[in-house]
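Quick notes on the structure that follows.
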Amino acid sequence: GNLGSAAAPLLLVVNGASLSLDPGITAVGFIYVVGATVAPSTMSTSTVTLPGASATLQGALAIEGDLLVTAPGAGTLSVVYDRAVLELLRTTYGSWARAPGGWRDFKGN
């Protein structure tokens with residue numbers, strides 16, 4: 001099936017260097033792929049694999065380092081920037097805030 005929708009977008013962080021998408025999938029939201037460091041340099045590479053038909057991402061895709069798209073089944077990856085989807089993610093997924101009494105810096109008196 002598809003991942004996310006315009007009303008409930010996907011926020012996906014891939015803690016690794018590769019992401020494999022099913023044939024014909026449409027993802028709506030933001031995907032971040034961490035990437036793997038390639039020795040001996042400090043560059044990293046992220047791989048998106050499309051095992052069949054084309055895949056579409058509506059929103060944004062962020063990767064660390066170089067992007068390598070492999071498509072053994074002659075598929076293509078289409079990334080369509082969608083500001084409205086990203087704005088919805090920004091305003092509905094919350095943010096970090098200090099809670100009163102939630103942190104104390106004990107320095108030992």
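Each chain in the structure tokens gets a letter, A, B and so on, in the order shown; residues start at 1 in every chain, and ligands are counted from 1 in the order they appear.
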Checklist entry - Leaving out Tyr32 in chain A and any residue of its chain fewer than 6 positions from it, which residues lie within 6 Å of it when counting only C-alpha atoms, given as a ChimeraX atom specification? => result /A:13,61-63
Checklist entry - Suppose you want the space between CA of Gly35 in chain A and CA of Leu3 in chain A; what is it in Å? => result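 One can read the CA of Gly35 in chain A to CA of Leu3 in chain A distance as 21.3 Å.
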Checklist entry - Expressed in Å to a single decimal, how great is the separation between CA of Arg90 in chain A and CA of Pro23 in chain A? => result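 Between these atoms lies a distance of 28.5 Å.
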Checklist entry - Between A:Glu87, A:Gly4, A:Tyr93, A:Ser54, which one has atoms that come closest to Ala27 in chain A, using only C-alpha atoms? => result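 Result for the nearest residue to Ala27 in chain A: A:Gly4.
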Checklist entry - At what distance in Å, to one decimal, does CA of Gly29 in chain A lie from CA of Leu77 in chain A? => result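 Going from CA of Leu77 in chain A over to CA of Gly29 in chain A covers 14.8 Å.
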